[in-house]
file coords22.cif (mmCIF, C-alpha atoms)
data_my_file
loop_
_atom_site.label_atom_id
_atom_site.label_comp_id
_atom_site.auth_asym_id
_atom_site.auth_seq_id
_atom_site.Cartn_x
_atom_site.Cartn_y
_atom_site.Cartn_z
CA MET U 1 -16.65 -18.20 2.76
CA TYR U 2 -18.52 -15.50 4.68
CA PHE U 3 -19.74 -17.96 7.23
CA HIS U 4 -16.32 -18.57 8.66
CA SER U 5 -16.44 -15.47 10.73
CA PHE U 6 -19.27 -16.23 13.03
CA PRO U 7 -20.03 -19.77 14.05
CA SER U 8 -16.52 -21.20 14.21
CA HIS U 9 -14.69 -18.45 16.08
CA ASN U 10 -14.75 -17.93 19.79
CA LYS U 11 -15.33 -14.51 21.30
CA THR U 12 -11.70 -13.55 21.88
CA GLY U 13 -10.98 -14.45 18.30
CA ASP U 14 -13.70 -12.08 17.14
CA ILE U 15 -12.48 -9.24 19.33
CA MET U 16 -8.95 -9.74 18.04
CA LYS U 17 -10.28 -9.75 14.51
CA ASN U 18 -12.23 -6.55 15.06
CA LYS U 19 -9.20 -4.90 16.62
CA MET U 20 -7.08 -5.90 13.67
CA SER U 21 -9.60 -4.60 11.15
CA PHE U 22 -9.76 -1.34 13.10
CA ILE U 23 -5.99 -0.87 13.18
CA PHE U 24 -5.46 -1.83 9.56
CA GLY U 25 -8.46 0.20 8.43
CA LEU U 26 -6.97 3.17 10.23
CA LEU U 27 -3.55 2.63 8.67
CA CYS U 28 -5.05 2.19 5.23
CA GLY U 29 -7.00 5.44 5.46
CA PHE U 30 -4.04 7.28 6.94
CA LEU U 31 -1.61 6.30 4.18
CA ASN U 32 -4.16 6.98 1.50
CA GLY U 33 -4.76 10.43 2.93
CA LEU U 34 -1.09 11.20 3.52
CA PHE U 35 0.11 10.22 0.06
CA GLY U 36 -3.07 10.49 -1.98
CA SER U 37 -2.54 6.86 -2.94
CA GLY U 38 -1.33 3.59 -1.61
CA GLY U 39 -4.17 2.64 0.68
CA GLY U 40 -4.76 -0.38 -1.49
CA THR U 41 -1.38 -1.84 -0.64
CA VAL U 42 -2.57 -2.17 2.95
CA ALA U 43 -6.18 -2.96 2.09
CA VAL U 44 -5.60 -5.89 -0.25
CA PRO U 45 -3.58 -8.11 2.12
CA CYS U 46 -5.95 -7.26 4.99
CA LEU U 47 -9.01 -8.18 2.99
CA GLU U 48 -7.29 -11.42 2.06
CA LYS U 49 -6.66 -12.14 5.73
CA SER U 50 -10.35 -11.50 6.40
CA GLY U 51 -11.02 -14.54 4.27
CA LEU U 52 -11.67 -13.02 0.85
CA GLU U 53 -10.10 -14.81 -2.10
CA VAL U 54 -7.44 -12.88 -4.03
CA LYS U 55 -9.59 -11.40 -6.78
CA LYS U 56 -12.39 -10.46 -4.42
CA ALA U 57 -9.88 -8.81 -2.13
CA HIS U 58 -8.56 -6.73 -5.02
CA ALA U 59 -12.01 -5.74 -6.22
CA SER U 60 -13.30 -4.97 -2.73
CA SER U 61 -10.22 -2.87 -2.01
CA VAL U 62 -11.19 -0.57 -4.88
CA LEU U 63 -14.54 0.15 -3.21
CA LEU U 64 -12.93 0.71 0.19
CA ILE U 65 -10.33 3.11 -1.21
CA PHE U 66 -13.00 4.83 -3.27
CA VAL U 67 -14.98 5.67 -0.12
CA LEU U 68 -11.85 6.83 1.70
CA SER U 69 -10.68 8.85 -1.30
CA ILE U 70 -13.90 10.85 -1.41
CA PHE U 71 -13.15 12.15 2.09
CA THR U 72 -9.49 12.65 1.29
CA ALA U 73 -10.41 14.63 -1.81
CA ILE U 74 -12.69 16.90 0.22
CA ILE U 75 -9.89 17.69 2.68
CA TYR U 76 -7.35 18.21 -0.11
CA PHE U 77 -9.84 20.59 -1.69
CA LEU U 78 -10.25 22.54 1.55
CA ASN U 79 -6.47 22.86 1.73
CA GLY U 80 -6.23 24.06 -1.85
CA ASN U 81 -4.45 21.03 -3.23
CA LEU U 82 -6.96 19.95 -5.85
CA ASP U 83 -6.44 20.96 -9.47
CA LEU U 84 -9.18 19.52 -11.65
CA GLY U 85 -7.71 21.02 -14.81
CA LEU U 86 -4.46 19.10 -14.46
CA ALA U 87 -6.29 15.92 -13.46
CA MET U 88 -8.42 16.13 -16.61
CA ASP U 89 -5.26 15.58 -18.67
CA TYR U 90 -5.30 11.99 -17.46
CA ILE U 91 -8.84 11.09 -16.40
CA PRO U 92 -10.31 10.25 -19.84
CA TYR U 93 -7.49 7.80 -20.58
CA GLY U 94 -7.70 6.44 -17.07
CA ILE U 95 -11.34 5.60 -17.64
CA VAL U 96 -10.43 3.58 -20.72
CA GLY U 97 -7.84 1.75 -18.64
CA ALA U 98 -10.33 1.17 -15.85
CA VAL U 99 -12.78 -0.52 -18.18
CA ILE U 100 -10.05 -2.73 -19.64
CA GLY U 101 -8.68 -3.56 -16.20
CA SER U 102 -12.03 -4.33 -14.59
CA LEU U 103 -13.16 -6.54 -17.42
CA THR U 104 -9.93 -8.56 -17.38
CA LEU U 105 -9.51 -8.91 -13.61
CA LYS U 106 -11.80 -11.91 -13.69
CA LYS U 107 -9.59 -13.68 -16.19
CA ILE U 108 -5.93 -12.93 -15.67
CA SER U 109 -3.25 -14.23 -13.37
CA SER U 110 -1.98 -11.15 -11.66
CA ASP U 111 1.28 -12.57 -10.34
CA ILE U 112 3.58 -11.43 -13.14
CA LEU U 113 1.81 -8.09 -13.34
CA LYS U 114 2.40 -7.65 -9.63
CA LYS U 115 6.12 -8.30 -9.97
CA ILE U 116 6.40 -5.79 -12.80
CA PHE U 117 4.64 -3.15 -10.72
CA ALA U 118 6.85 -3.95 -7.76
CA ILE U 119 9.98 -3.29 -9.80
CA ILE U 120 8.61 -0.02 -11.22
CA ILE U 121 7.68 1.09 -7.73
CA ILE U 122 11.10 0.31 -6.21
CA ILE U 123 13.01 2.08 -8.99
CA SER U 124 10.76 5.12 -8.65
CA GLY U 125 11.18 5.22 -4.90
CA VAL U 126 14.94 5.24 -5.27
CA ARG U 127 14.75 7.96 -7.90
CA ILE U 128 12.60 10.15 -5.70
CA LEU U 129 14.92 9.75 -2.73
CA LEU U 130 18.16 10.42 -4.68
CA MET A 1 2.65 10.22 -22.83
CA ASN A 2 -0.49 11.34 -20.99
CA ILE A 3 -2.41 8.68 -22.87
CA ILE A 4 -0.07 5.84 -21.94
CA ILE A 5 0.22 6.87 -18.30
CA GLY A 6 -3.52 7.43 -18.03
CA ILE A 7 -4.45 4.05 -19.48
CA LEU A 8 -1.81 2.14 -17.50
CA SER A 9 -2.83 3.81 -14.25
CA GLY A 10 -6.47 3.14 -14.98
CA ILE A 11 -5.86 -0.55 -15.60
CA ALA A 12 -3.73 -0.97 -12.49
CA ALA A 13 -6.03 1.08 -10.27
CA SER A 14 -9.14 -0.81 -11.33
CA MET A 15 -7.47 -4.09 -10.42
CA GLY A 16 -6.41 -2.93 -6.98
CA LEU A 17 -2.80 -3.50 -7.96
CA GLY A 18 -1.35 -0.45 -6.34
CA GLY A 19 -2.09 1.34 -9.56
CA GLY A 20 -2.88 4.55 -7.80
CA PHE A 21 0.89 4.77 -7.72
CA ILE A 22 1.59 4.83 -11.42
CA LEU A 23 0.22 8.29 -12.12
CA LEU A 24 1.56 9.75 -8.89
CA ILE A 25 5.02 8.32 -9.55
CA TYR A 26 4.98 9.78 -13.03
CA LEU A 27 3.91 13.18 -11.72
CA SER A 28 6.48 13.13 -8.90
CA VAL A 29 9.44 11.90 -10.93
CA PHE A 30 8.95 13.39 -14.38
CA THR A 31 7.08 16.65 -13.89
CA GLU A 32 7.65 19.82 -11.92
CA ILE A 33 4.34 19.59 -10.10
CA THR A 34 4.75 19.79 -6.29
CA GLN A 35 4.07 16.69 -4.25
CA ASN A 36 0.85 18.01 -2.67
CA VAL A 37 -0.71 19.00 -5.97
CA ALA A 38 0.46 15.74 -7.58
CA GLN A 39 -1.27 13.81 -4.82
CA GLY A 40 -4.42 15.86 -5.34
CA ILE A 41 -4.38 15.03 -9.04
CA ASN A 42 -3.93 11.39 -8.18
CA ILE A 43 -6.93 11.38 -5.85
CA LEU A 44 -9.14 13.16 -8.39
CA PHE A 45 -7.97 10.76 -11.08
CA PHE A 46 -8.80 7.77 -8.92
CA LEU A 47 -12.41 8.76 -8.14
CA PRO A 48 -14.09 8.25 -11.55
CA ILE A 49 -11.89 5.25 -12.28
CA ALA A 50 -12.78 3.58 -9.01
CA PHE A 51 -16.45 4.37 -9.56
CA ILE A 52 -16.51 2.60 -12.93
CA SER A 53 -14.43 -0.31 -11.63
CA VAL A 54 -16.71 -0.77 -8.65
CA ILE A 55 -19.77 -0.98 -10.88
CA ILE A 56 -18.14 -3.62 -13.07
CA HIS A 57 -16.78 -5.55 -10.07
CA LEU A 58 -20.23 -5.48 -8.43
CA LYS A 59 -21.73 -6.92 -11.60
CA ASN A 60 -19.10 -9.65 -11.56
CA LYS A 61 -19.89 -10.27 -7.88
CA LEU A 62 -16.31 -9.65 -6.86
CA ILE A 63 -17.06 -7.21 -4.04
CA ASP A 64 -17.85 -8.25 -0.49
CA ILE A 65 -19.66 -5.21 0.86
CA ARG A 66 -19.86 -6.42 4.47
CA THR A 67 -16.12 -6.70 4.75
CA VAL A 68 -15.64 -3.30 3.15
CA ILE A 69 -17.99 -1.71 5.67
CA ARG A 70 -16.06 -3.35 8.51
CA TYR A 71 -12.91 -1.50 7.45
CA SER A 72 -14.56 1.75 6.45
CA LEU A 73 -15.13 3.45 9.79
CA ALA A 74 -11.53 3.18 10.99
CA GLY A 75 -10.43 3.92 7.46
CA LEU A 76 -12.32 7.21 7.44
CA ILE A 77 -10.74 8.33 10.69
CA GLY A 78 -7.34 7.52 9.24
CA ALA A 79 -8.16 9.25 5.97
CA VAL A 80 -9.06 12.50 7.70
CA ALA A 81 -5.92 12.39 9.87
CA GLY A 82 -3.64 11.51 6.95
CA SER A 83 -5.12 14.15 4.66
CA PHE A 84 -4.66 16.94 7.19
CA LEU A 85 -1.14 15.82 8.05
CA SER A 86 -0.34 15.76 4.35
CA ALA A 87 -1.42 19.39 4.00
CA TYR A 88 0.69 20.52 6.97
CA LEU A 89 3.89 18.68 6.07
CA ASP A 90 6.51 20.48 4.03
CA THR A 91 6.12 19.34 0.44
CA GLY A 92 9.81 18.30 0.22
CA ILE A 93 9.50 16.12 3.31
CA LEU A 94 6.28 14.63 1.98
CA ARG A 95 8.11 13.75 -1.22
CA LYS A 96 10.92 11.99 0.65
CA LEU A 97 8.41 10.10 2.77
CA PHE A 98 6.63 9.04 -0.38
CA GLY A 99 9.90 7.79 -1.86
CA ALA A 100 10.64 5.72 1.23
CA PHE A 101 7.08 4.40 1.29
CA LEU A 102 7.40 3.31 -2.36
CA ILE A 103 10.56 1.33 -1.69
CA ILE A 104 8.97 -0.47 1.26
CA ILE A 105 5.82 -1.27 -0.69
CA GLY A 106 7.78 -2.33 -3.76
CA LEU A 107 9.91 -4.75 -1.77
CA LYS A 108 6.86 -6.10 -0.01
CA GLU A 109 4.97 -6.63 -3.26
CA PHE A 110 7.95 -8.25 -4.93
CA PHE A 111 8.67 -10.76 -2.20
CA GLY A 112 5.15 -10.92 -0.81
CA SER A 113 3.60 -13.32 -3.28
CA LYS A 114 5.37 -16.26 -1.63
CA ILE A 115 3.32 -15.79 1.49
CA LYS A 116 0.11 -16.15 -0.46
CA LYS A 117 1.14 -19.54 -1.80
CA LYS A 118 0.68 -20.98 1.67
CA PRO A 119 -2.38 -23.22 1.79
CA GLN A 120 -5.38 -21.51 3.35
CA GLU A 121 -5.98 -22.71 6.84
CA ASN A 122 -9.26 -21.14 7.88
#

call {"tool": "encode", "arguments": {"input": "coords22.cif", "output": "structure tokens"}}
result
Amino acid sequence: MYFHSFPSHNKTGDIMKNKMSFIFGLLCGFLNGLFGSGGGTVAVPCLEKSGLEVKKAHASSVLLIFVLSIFTAIIYFLNGNLDLGLAMDYIPYGIVGAVIGSLTLKKISSDILKKIFAIIIIISGVRILL
Amino acid sequence: MNIIIGILSGIAASMGLGGGFILLIYLSVFTEITQNVAQGINILFFLPIAFISVIIHLKNKLIDIRTVIRYSLAGLIGAVAGSFLSAYLDTGILRKLFGAFLIIIGLKEFFGSKIKKKPQEN
């Protein structure tokens, strides 16, 4: 799977590919910084286009967003928008969820889960705008 | 409620399912916390969760580090720009933008899975 990128592609293809990863990387970081979330929605499809299979793309996106989020958190902190006390209301439970989620990612079909999330997200977006 | 939201967000975030949204949506829609602070909570929340998920995913060999590195540099530039812009935008405008962003992403996620069914043609 990793080998696809170098022997088979010509040079222009590689340059195009690098350009695309630069632009989408930029967009992913930008959105994640702007909204404090959401970088993954750009990262996952991009990683899939880079040739990663679906589950690998999802898992790898977590690492990418993790790295970006560290920098985002630092800047939020400098601007006085970090409140660890409030975050601690959720973090312990989140960790439980993370362990469950990571251990099951290998096994589940995420298609239905994705649709459910999509609906929740759309309804919430409408609620926020109205 | 904190427990349910926390666990759900953790599950979704660790799977890279746009789960970073769940907590932020909850904070934006159901609490009085301003958008900027809500986003800060979301980022802080994500860090330990992502850290644990990454360790487990690495063990399961689900992470392709080379590809991640390829996206990281541009991603960092974007992250710095986005984070500063976020701090300078009016919190009400930021909230509206977030709402619009959610609708776009939601629609994309809902209809997007069809595209993936296409046979891979690498």

call {"tool": "closest_atom_pairs", "arguments": {"input": "coords22.cif", "of": "chain U", "to": "chain A", "cutoff": "6 Å", "atoms": "only C-alpha atoms", "output": "CSV"}}
result
residue,atom,partner,partner_atom,distance
U:Ser21,CA,A:Tyr71,CA,5.9
U:Phe22,CA,A:Ala74,CA,5.3
U:Gly25,CA,A:Gly75,CA,4.3
U:Leu26,CA,A:Gly78,CA,4.5
U:Gly29,CA,A:Ala79,CA,4.0
U:Phe30,CA,A:Gly78,CA,4.0
U:Gly33,CA,A:Ser83,CA,4.1
U:Leu34,CA,A:Gly82,CA,4.3
U:Gly36,CA,A:Gln39,CA,4.7
U:Ser37,CA,A:Gly20,CA,5.4
U:Gly40,CA,A:Gly18,CA,5.9
U:Thr41,CA,A:Gly18,CA,5.9
U:Lys56,CA,A:Leu62,CA,4.7
U:His58,CA,A:Gly16,CA,4.8
U:Ala59,CA,A:Ile63,CA,5.7
U:Ser60,CA,A:Ile63,CA,4.6
U:Val62,CA,A:Gly16,CA,5.7
U:Leu63,CA,A:Val54,CA,5.9
U:Leu64,CA,A:Val68,CA,5.7
U:Phe66,CA,A:Ala50,CA,5.9
U:Leu68,CA,A:Leu76,CA,5.8
U:Thr72,CA,A:Ser83,CA,5.7
U:Asn81,CA,A:Val37,CA,5.1
U:Leu82,CA,A:Gly40,CA,4.8
U:Ala87,CA,A:Ile41,CA,4.9
U:Tyr90,CA,A:Gly6,CA,4.9
U:Ile91,CA,A:Phe45,CA,5.4
U:Tyr93,CA,A:Gly6,CA,4.7
U:Gly94,CA,A:Gly10,CA,4.1
U:Ile95,CA,A:Ile49,CA,5.4
U:Gly97,CA,A:Gly10,CA,4.1
U:Ala98,CA,A:Gly10,CA,4.4
U:Gly101,CA,A:Ile11,CA,4.2
U:Ser102,CA,A:Ser53,CA,5.5
U:Lys115,CA,A:Phe110,CA,5.4
U:Ala118,CA,A:Gly106,CA,4.4
U:Ile121,CA,A:Gly106,CA,5.2
U:Ile122,CA,A:Ile103,CA,4.7
U:Gly125,CA,A:Gly99,CA,4.2
U:Ile128,CA,A:Gly99,CA,5.3
U:Leu129,CA,A:Gly99,CA,5.5

call {"tool": "atom_distance", "arguments": {"input": "coords22.cif", "atom1": "atom CA of U:Pro45", "atom2": "atom CA of U:Phe71"}}
result
22.4 Å

call {"tool": "atom_distance", "arguments": {"input": "coords22.cif", "atom1": "atom CA of U:Tyr76", "atom2": "atom CA of A:Thr91"}}
result
13.5 Å

call {"tool": "atom_distance", "arguments": {"input": "coords22.cif", "atom1": "atom CA of U:Ile112", "atom2": "atom CA of U:Val42"}}
result
19.6 Å

call {"tool": "resolve_selection", "arguments": {"input": "coords22.cif", "expression": "the PyMOL selection byres ((chain U and resi 50) around 9)", "output": "ChimeraX atom specification"}}
result
/U:5,17,21,45-49,51-52,57 /A:67

call {"tool": "build_atoms", "arguments": {"input": "coords22.cif", "residues": "stretch 41-61 of chain A", "atoms": "N, CA and C atoms", "output": "tab-separated table (two decimals), in the frame of the given file"}}
result
chain	number	residue	atom	x	y	z
A	41	ILE	N	-4.02	15.51	-7.70
A	41	ILE	CA	-4.38	15.03	-9.04
A	41	ILE	C	-4.65	13.54	-9.00
A	42	ASN	N	-3.79	12.83	-8.27
A	42	ASN	CA	-3.93	11.39	-8.18
A	42	ASN	C	-5.27	10.97	-7.56
A	43	ILE	N	-5.65	11.68	-6.51
A	43	ILE	CA	-6.93	11.38	-5.85
A	43	ILE	C	-8.09	11.65	-6.80
A	44	LEU	N	-8.06	12.81	-7.46
A	44	LEU	CA	-9.14	13.16	-8.39
A	44	LEU	C	-9.22	12.14	-9.52
A	45	PHE	N	-8.06	11.74	-10.00
A	45	PHE	CA	-7.97	10.76	-11.08
A	45	PHE	C	-8.61	9.44	-10.65
A	46	PHE	N	-8.34	9.07	-9.41
A	46	PHE	CA	-8.80	7.77	-8.92
A	46	PHE	C	-10.32	7.69	-8.79
A	47	LEU	N	-10.98	8.82	-8.44
A	47	LEU	CA	-12.41	8.76	-8.14
A	47	LEU	C	-13.28	8.20	-9.28
A	48	PRO	N	-13.23	8.81	-10.49
A	48	PRO	CA	-14.09	8.25	-11.55
A	48	PRO	C	-13.67	6.84	-11.95
A	49	ILE	N	-12.37	6.58	-11.89
A	49	ILE	CA	-11.89	5.25	-12.28
A	49	ILE	C	-12.40	4.20	-11.30
A	50	ALA	N	-12.31	4.52	-10.02
A	50	ALA	CA	-12.78	3.58	-9.01
A	50	ALA	C	-14.28	3.37	-9.16
A	51	PHE	N	-14.99	4.46	-9.44
A	51	PHE	CA	-16.45	4.37	-9.56
A	51	PHE	C	-16.84	3.37	-10.66
A	52	ILE	N	-16.21	3.51	-11.81
A	52	ILE	CA	-16.51	2.60	-12.93
A	52	ILE	C	-16.10	1.16	-12.58
A	53	SER	N	-14.91	1.04	-11.98
A	53	SER	CA	-14.43	-0.31	-11.63
A	53	SER	C	-15.38	-0.97	-10.65
A	54	VAL	N	-15.84	-0.20	-9.67
A	54	VAL	CA	-16.71	-0.77	-8.65
A	54	VAL	C	-17.99	-1.29	-9.28
A	55	ILE	N	-18.54	-0.53	-10.22
A	55	ILE	CA	-19.77	-0.98	-10.88
A	55	ILE	C	-19.53	-2.31	-11.60
A	56	ILE	N	-18.42	-2.38	-12.33
A	56	ILE	CA	-18.14	-3.62	-13.07
A	56	ILE	C	-17.85	-4.78	-12.10
A	57	HIS	N	-17.09	-4.48	-11.05
A	57	HIS	CA	-16.78	-5.55	-10.07
A	57	HIS	C	-18.05	-6.02	-9.36
A	58	LEU	N	-18.96	-5.09	-9.08
A	58	LEU	CA	-20.23	-5.48	-8.43
A	58	LEU	C	-21.01	-6.42	-9.34
A	59	LYS	N	-21.04	-6.08	-10.63
A	59	LYS	CA	-21.73	-6.92	-11.60
A	59	LYS	C	-21.12	-8.31	-11.64
A	60	ASN	N	-19.79	-8.36	-11.53
A	60	ASN	CA	-19.10	-9.65	-11.56
A	60	ASN	C	-19.10	-10.34	-10.20
A	61	LYS	N	-19.80	-9.74	-9.25
A	61	LYS	CA	-19.89	-10.27	-7.88
A	61	LYS	C	-18.52	-10.49	-7.25
